[in-house]
Amino acid sequence: MPVARTVTPDGDVILLVSGESAAARAAAHAQDDDLTAVIEITDVAPVSVPHRIRGRAWLAGWLTPVRGDDRAVCAALLAERHPVGELLGLGESLDTPADLLQGGGRPAWMMLRLEVGEITVDDLWGAEQVDPEDLASAEPDPVSPHEAELLQHLHSSHGDRIAELCGLLGERGARGMTAVPLALDRVGLRVRFTGGAAGGSFDARFDFPDPVTDICGLRRAMRALFSAAAH
């Protein structure tokens, strides 16, 4: 497991791994870009529901160590986006050989670059291939860093409001259904409903009128959604 990962503006994936890891050892002895690798990312819902895996993604490509002038740039990018304790407090620290070595002269940490050639995603919206250029041009969802905390808060403190969303389901809604918030992003809320007369479970997505750009916009969108359900 990498300690941290991020995506460069060119769409490469930068990974910070232990110098003792199999990936680091293999990359250190590989010639140029002859080491192929696949990253599998599993997205697990942060709330307790049946079938908690919301999706998986596979990024396949060529793995090489980050070398030369790119080291400082990639270290700073990791430090900015995914600080990990004191190790990434300063991006420059990862570019200092003394900070990278442990006993026996082996690197304590290594930055690897995956040049992505193929992406497959299988999630709540279906399965499809993704163009690596789309990964490079994608912007992070502003809700993503807060999603887990928000979903847990909605589930534990506002379960009654989530249950009221059943009133927006039309013919699919039924008395006695249990509602659990499953996913939240800039364009809407997904809820998993279980029980009811038909039994079983299904997911329903409630789209916001417009994509939100920050947490203030998200609060307004959620209030509007709950208000619509209440009336």
# chains A, B, ... in the order shown; residues from 1 in each chain; ligands from 1
$ select_by_dssp --residues "region 11-187 of chain A" --states "helix (DSSP H, G or I)" --output "ChimeraX atom specification"
/A:22-29,70-81,91-95,97-100,103-105,132-137,144-157,159-168,170-172
$ residues_around --residues "Ala183 (chain A)" --least-positions-apart "2" --cutoff "10 Å" --atoms "only C-alpha atoms" --output "PDB file with N, CA and C atoms, in the first residue's frame"
ATOM      1  N   VAL A  44     -14.874   2.082  -0.648  1.00  0.00           N
ATOM      2  CA  VAL A  44     -15.756   1.469   0.342  1.00  0.00           C
ATOM      3  C   VAL A  44     -16.589   2.564   1.003  1.00  0.00           C
ATOM      4  N   ALA A  45     -17.892   2.343   1.087  1.00  0.00           N
ATOM      5  CA  ALA A  45     -18.780   3.331   1.715  1.00  0.00           C
ATOM      6  C   ALA A  45     -18.371   3.544   3.174  1.00  0.00           C
ATOM      7  N   PRO A  46     -18.334   4.790   3.654  1.00  0.00           N
ATOM      8  CA  PRO A  46     -17.925   5.067   5.029  1.00  0.00           C
ATOM      9  C   PRO A  46     -19.039   4.847   6.054  1.00  0.00           C
ATOM     10  N   VAL A  47     -20.190   4.363   5.613  1.00  0.00           N
ATOM     11  CA  VAL A  47     -21.292   4.038   6.524  1.00  0.00           C
ATOM     12  C   VAL A  47     -21.612   2.558   6.379  1.00  0.00           C
ATOM     13  N   ARG A  54     -18.460   0.463  -3.158  1.00  0.00           N
ATOM     14  CA  ARG A  54     -19.166   1.312  -4.116  1.00  0.00           C
ATOM     15  C   ARG A  54     -18.547   1.254  -5.504  1.00  0.00           C
ATOM     16  N   LEU A 124     -20.946   2.574  -9.040  1.00  0.00           N
ATOM     17  CA  LEU A 124     -22.402   2.657  -8.931  1.00  0.00           C
ATOM     18  C   LEU A 124     -23.066   3.104 -10.228  1.00  0.00           C
ATOM     19  N   SER A 144     -15.240  15.685  -2.097  1.00  0.00           N
ATOM     20  CA  SER A 144     -14.549  14.436  -1.795  1.00  0.00           C
ATOM     21  C   SER A 144     -13.791  14.431  -0.466  1.00  0.00           C
ATOM     22  N   GLU A 147     -16.417  13.946   2.273  1.00  0.00           N
ATOM     23  CA  GLU A 147     -17.548  13.040   2.063  1.00  0.00           C
ATOM     24  C   GLU A 147     -17.749  12.062   3.213  1.00  0.00           C
ATOM     25  N   ALA A 148     -16.694  11.394   3.653  1.00  0.00           N
ATOM     26  CA  ALA A 148     -16.844  10.380   4.700  1.00  0.00           C
ATOM     27  C   ALA A 148     -17.444  10.979   5.969  1.00  0.00           C
ATOM     28  N   LEU A 150     -19.190  13.748   6.291  1.00  0.00           N
ATOM     29  CA  LEU A 150     -20.550  14.230   6.062  1.00  0.00           C
ATOM     30  C   LEU A 150     -21.550  13.085   6.029  1.00  0.00           C
ATOM     31  N   LEU A 151     -21.204  11.999   5.360  1.00  0.00           N
ATOM     32  CA  LEU A 151     -22.122  10.857   5.294  1.00  0.00           C
ATOM     33  C   LEU A 151     -22.350  10.257   6.681  1.00  0.00           C
ATOM     34  N   VAL A 180     -30.238   4.902   4.059  1.00  0.00           N
ATOM     35  CA  VAL A 180     -28.873   5.161   4.510  1.00  0.00           C
ATOM     36  C   VAL A 180     -28.151   5.949   3.416  1.00  0.00           C
ATOM     37  N   PRO A 181     -27.554   7.103   3.748  1.00  0.00           N
ATOM     38  CA  PRO A 181     -26.805   7.857   2.739  1.00  0.00           C
ATOM     39  C   PRO A 181     -25.565   7.077   2.308  1.00  0.00           C
ATOM     40  N   ASP A 185     -21.467  13.763  -3.633  1.00  0.00           N
ATOM     41  CA  ASP A 185     -20.490  14.472  -4.448  1.00  0.00           C
ATOM     42  C   ASP A 185     -21.068  15.816  -4.858  1.00  0.00           C
ATOM     43  N   GLY A 188     -24.798  15.548  -6.370  1.00  0.00           N
ATOM     44  CA  GLY A 188     -25.964  14.988  -5.717  1.00  0.00           C
ATOM     45  C   GLY A 188     -25.654  13.999  -4.610  1.00  0.00           C
ATOM     46  N   LEU A 189     -26.723  13.446  -4.047  1.00  0.00           N
ATOM     47  CA  LEU A 189     -26.676  12.497  -2.934  1.00  0.00           C
ATOM     48  C   LEU A 189     -27.278  11.178  -3.396  1.00  0.00           C
ATOM     49  N   ARG A 190     -26.606  10.080  -3.062  1.00  0.00           N
ATOM     50  CA  ARG A 190     -27.138   8.753  -3.361  1.00  0.00           C
ATOM     51  C   ARG A 190     -27.497   8.075  -2.045  1.00  0.00           C
ATOM     52  N   VAL A 191     -28.701   7.496  -1.999  1.00  0.00           N
ATOM     53  CA  VAL A 191     -29.217   6.873  -0.784  1.00  0.00           C
ATOM     54  C   VAL A 191     -29.586   5.427  -1.092  1.00  0.00           C
ATOM     55  N   ARG A 192     -29.276   4.528  -0.163  1.00  0.00           N
ATOM     56  CA  ARG A 192     -29.677   3.120  -0.312  1.00  0.00           C
ATOM     57  C   ARG A 192     -30.912   2.866   0.550  1.00  0.00           C
ATOM     58  N   ARG A 205     -30.695   8.205  -6.561  1.00  0.00           N
ATOM     59  CA  ARG A 205     -29.843   9.382  -6.591  1.00  0.00           C
ATOM     60  C   ARG A 205     -30.699  10.634  -6.648  1.00  0.00           C
TER      61      ARG A 205
END
$ closest_residue --among "A:Cys216, A:Val49, A:Ala23, A:Leu77" --to "Leu182 (chain A)" --atoms "only C-alpha atoms"
A:Val49
$ residues_around --residues "Cys166 (chain A)" --least-positions-apart "2" --cutoff "10 Å" --atoms "only C-alpha atoms" --output "PyMOL selection string"
chain A and resi 161-164+168-179+191+193+204+229-230
$ atom_distance --atom1 "CA of Asp203 (chain A)" --atom2 "CA of Arg219 (chain A)"
22.0 Å
$ closest_residue --among "A:Asp123, A:Glu139, A:Glu133, A:Asp70" --to "Met111 (chain A)" --atoms "only C-alpha atoms"
A:Asp70
$ atom_distance --atom1 "CA of Glu118 (chain A)" --atom2 "CA of Val13 (chain A)"
12.3 Å
$ atom_distance --atom1 "CA of Glu115 (chain A)" --atom2 "CA of Thr42 (chain A)"
19.9 Å
$ residues_around --residues "Ile41 (chain A)" --least-positions-apart "6" --cutoff "10 Å" --atoms "only C-alpha atoms" --output "PyMOL selection string"
chain A and resi 55-59+121
$ write_last_selection --atoms "N, CA, C and O atoms" --output "mmCIF file, in the first residue's frame"
data_model
loop_
_atom_site.group_PDB
_atom_site.id
_atom_site.type_symbol
_atom_site.label_atom_id
_atom_site.label_comp_id
_atom_site.auth_asym_id
_atom_site.auth_seq_id
_atom_site.Cartn_x
_atom_site.Cartn_y
_atom_site.Cartn_z
ATOM 1 N N GLY A 55 -17.328 0.824 -5.582
ATOM 2 C CA GLY A 55 -16.712 0.764 -6.905
ATOM 3 C C GLY A 55 -15.250 0.358 -6.825
ATOM 4 O O GLY A 55 -14.633 0.343 -5.747
ATOM 5 N N ARG A 56 -14.715 0.011 -7.991
ATOM 6 C CA ARG A 56 -13.295 -0.286 -8.120
ATOM 7 C C ARG A 56 -12.768 0.348 -9.398
ATOM 8 O O ARG A 56 -13.504 0.510 -10.369
ATOM 9 N N ALA A 57 -11.505 0.684 -9.353
ATOM 10 C CA ALA A 57 -10.852 1.222 -10.543
ATOM 11 C C ALA A 57 -9.509 0.531 -10.715
ATOM 12 O O ALA A 57 -8.834 0.201 -9.728
ATOM 13 N N TRP A 58 -9.138 0.282 -11.957
ATOM 14 C CA TRP A 58 -7.860 -0.334 -12.285
ATOM 15 C C TRP A 58 -7.115 0.593 -13.235
ATOM 16 O O TRP A 58 -7.635 0.953 -14.305
ATOM 17 N N LEU A 59 -5.904 1.004 -12.835
ATOM 18 C CA LEU A 59 -5.063 1.851 -13.669
ATOM 19 C C LEU A 59 -3.824 1.051 -14.053
ATOM 20 O O LEU A 59 -3.036 0.658 -13.180
ATOM 21 N N VAL A 121 -13.116 1.443 -14.885
ATOM 22 C CA VAL A 121 -13.863 1.792 -13.679
ATOM 23 C C VAL A 121 -15.149 0.973 -13.640
ATOM 24 O O VAL A 121 -15.843 0.847 -14.650
#
$ closest_residue --among "A:Val116, A:Leu165, A:Ile39, A:Ala24" --to "Ala228 (chain A)" --atoms "only C-alpha atoms"
A:Leu165
$ select_by_dssp --residues "chain A" --states "strand (DSSP E)" --output "VMD selection string"
chain A and resid 4 to 7 13 to 18 36 to 44 53 to 65 109 to 123 126 to 130 177 to 185 188 to 195 201 to 207
$ closest_residue --among "A:Leu35, A:Ile53, A:Leu112, A:Leu184" --to "Val17 (chain A)" --atoms "only C-alpha atoms"
A:Leu112
$ closest_residue --among "A:Ala37, A:Ala136, A:Leu154, A:Leu114" --to "Gly11 (chain A)" --atoms "only C-alpha atoms"
A:Ala136
$ decode --residues "region 62-74 of chain A" --atoms "N, CA and C atoms" --output "CSV table (one decimal), in the first residue's frame"
chain,number,residue,atom,x,y,z
A,62,TRP,N,3.1,1.8,-16.9
A,62,TRP,CA,4.5,1.5,-16.8
A,62,TRP,C,5.0,2.2,-15.5
A,63,LEU,N,5.7,1.5,-14.7
A,63,LEU,CA,6.2,2.0,-13.4
A,63,LEU,C,7.7,2.2,-13.4
A,64,THR,N,8.1,3.4,-13.0
A,64,THR,CA,9.5,3.8,-13.0
A,64,THR,C,9.7,4.7,-11.7
A,65,PRO,N,10.9,4.7,-11.2
A,65,PRO,CA,11.2,5.6,-10.1
A,65,PRO,C,11.2,7.0,-10.6
A,66,VAL,N,10.9,7.9,-9.7
A,66,VAL,CA,10.9,9.4,-10.0
A,66,VAL,C,12.4,9.8,-9.8
A,67,ARG,N,13.0,10.4,-10.8
A,67,ARG,CA,14.4,10.7,-10.8
A,67,ARG,C,14.7,12.1,-11.1
A,68,GLY,N,15.9,12.6,-10.8
A,68,GLY,CA,16.4,13.9,-11.2
A,68,GLY,C,15.6,15.0,-10.7
A,69,ASP,N,15.4,16.0,-11.6
A,69,ASP,CA,14.7,17.3,-11.2
A,69,ASP,C,13.2,17.0,-10.8
A,70,ASP,N,12.7,15.9,-11.3
A,70,ASP,CA,11.3,15.6,-11.1
A,70,ASP,C,11.0,15.3,-9.6
A,71,ARG,N,12.1,14.9,-8.9
A,71,ARG,CA,11.9,14.5,-7.5
A,71,ARG,C,11.3,15.6,-6.6
A,72,ALA,N,11.9,16.8,-6.7
A,72,ALA,CA,11.5,17.9,-5.9
A,72,ALA,C,10.1,18.3,-6.3
A,73,VAL,N,9.8,18.3,-7.6
A,73,VAL,CA,8.4,18.7,-8.0
A,73,VAL,C,7.4,17.7,-7.5
A,74,CYS,N,7.6,16.4,-7.7
A,74,CYS,CA,6.6,15.4,-7.2
A,74,CYS,C,6.5,15.4,-5.7
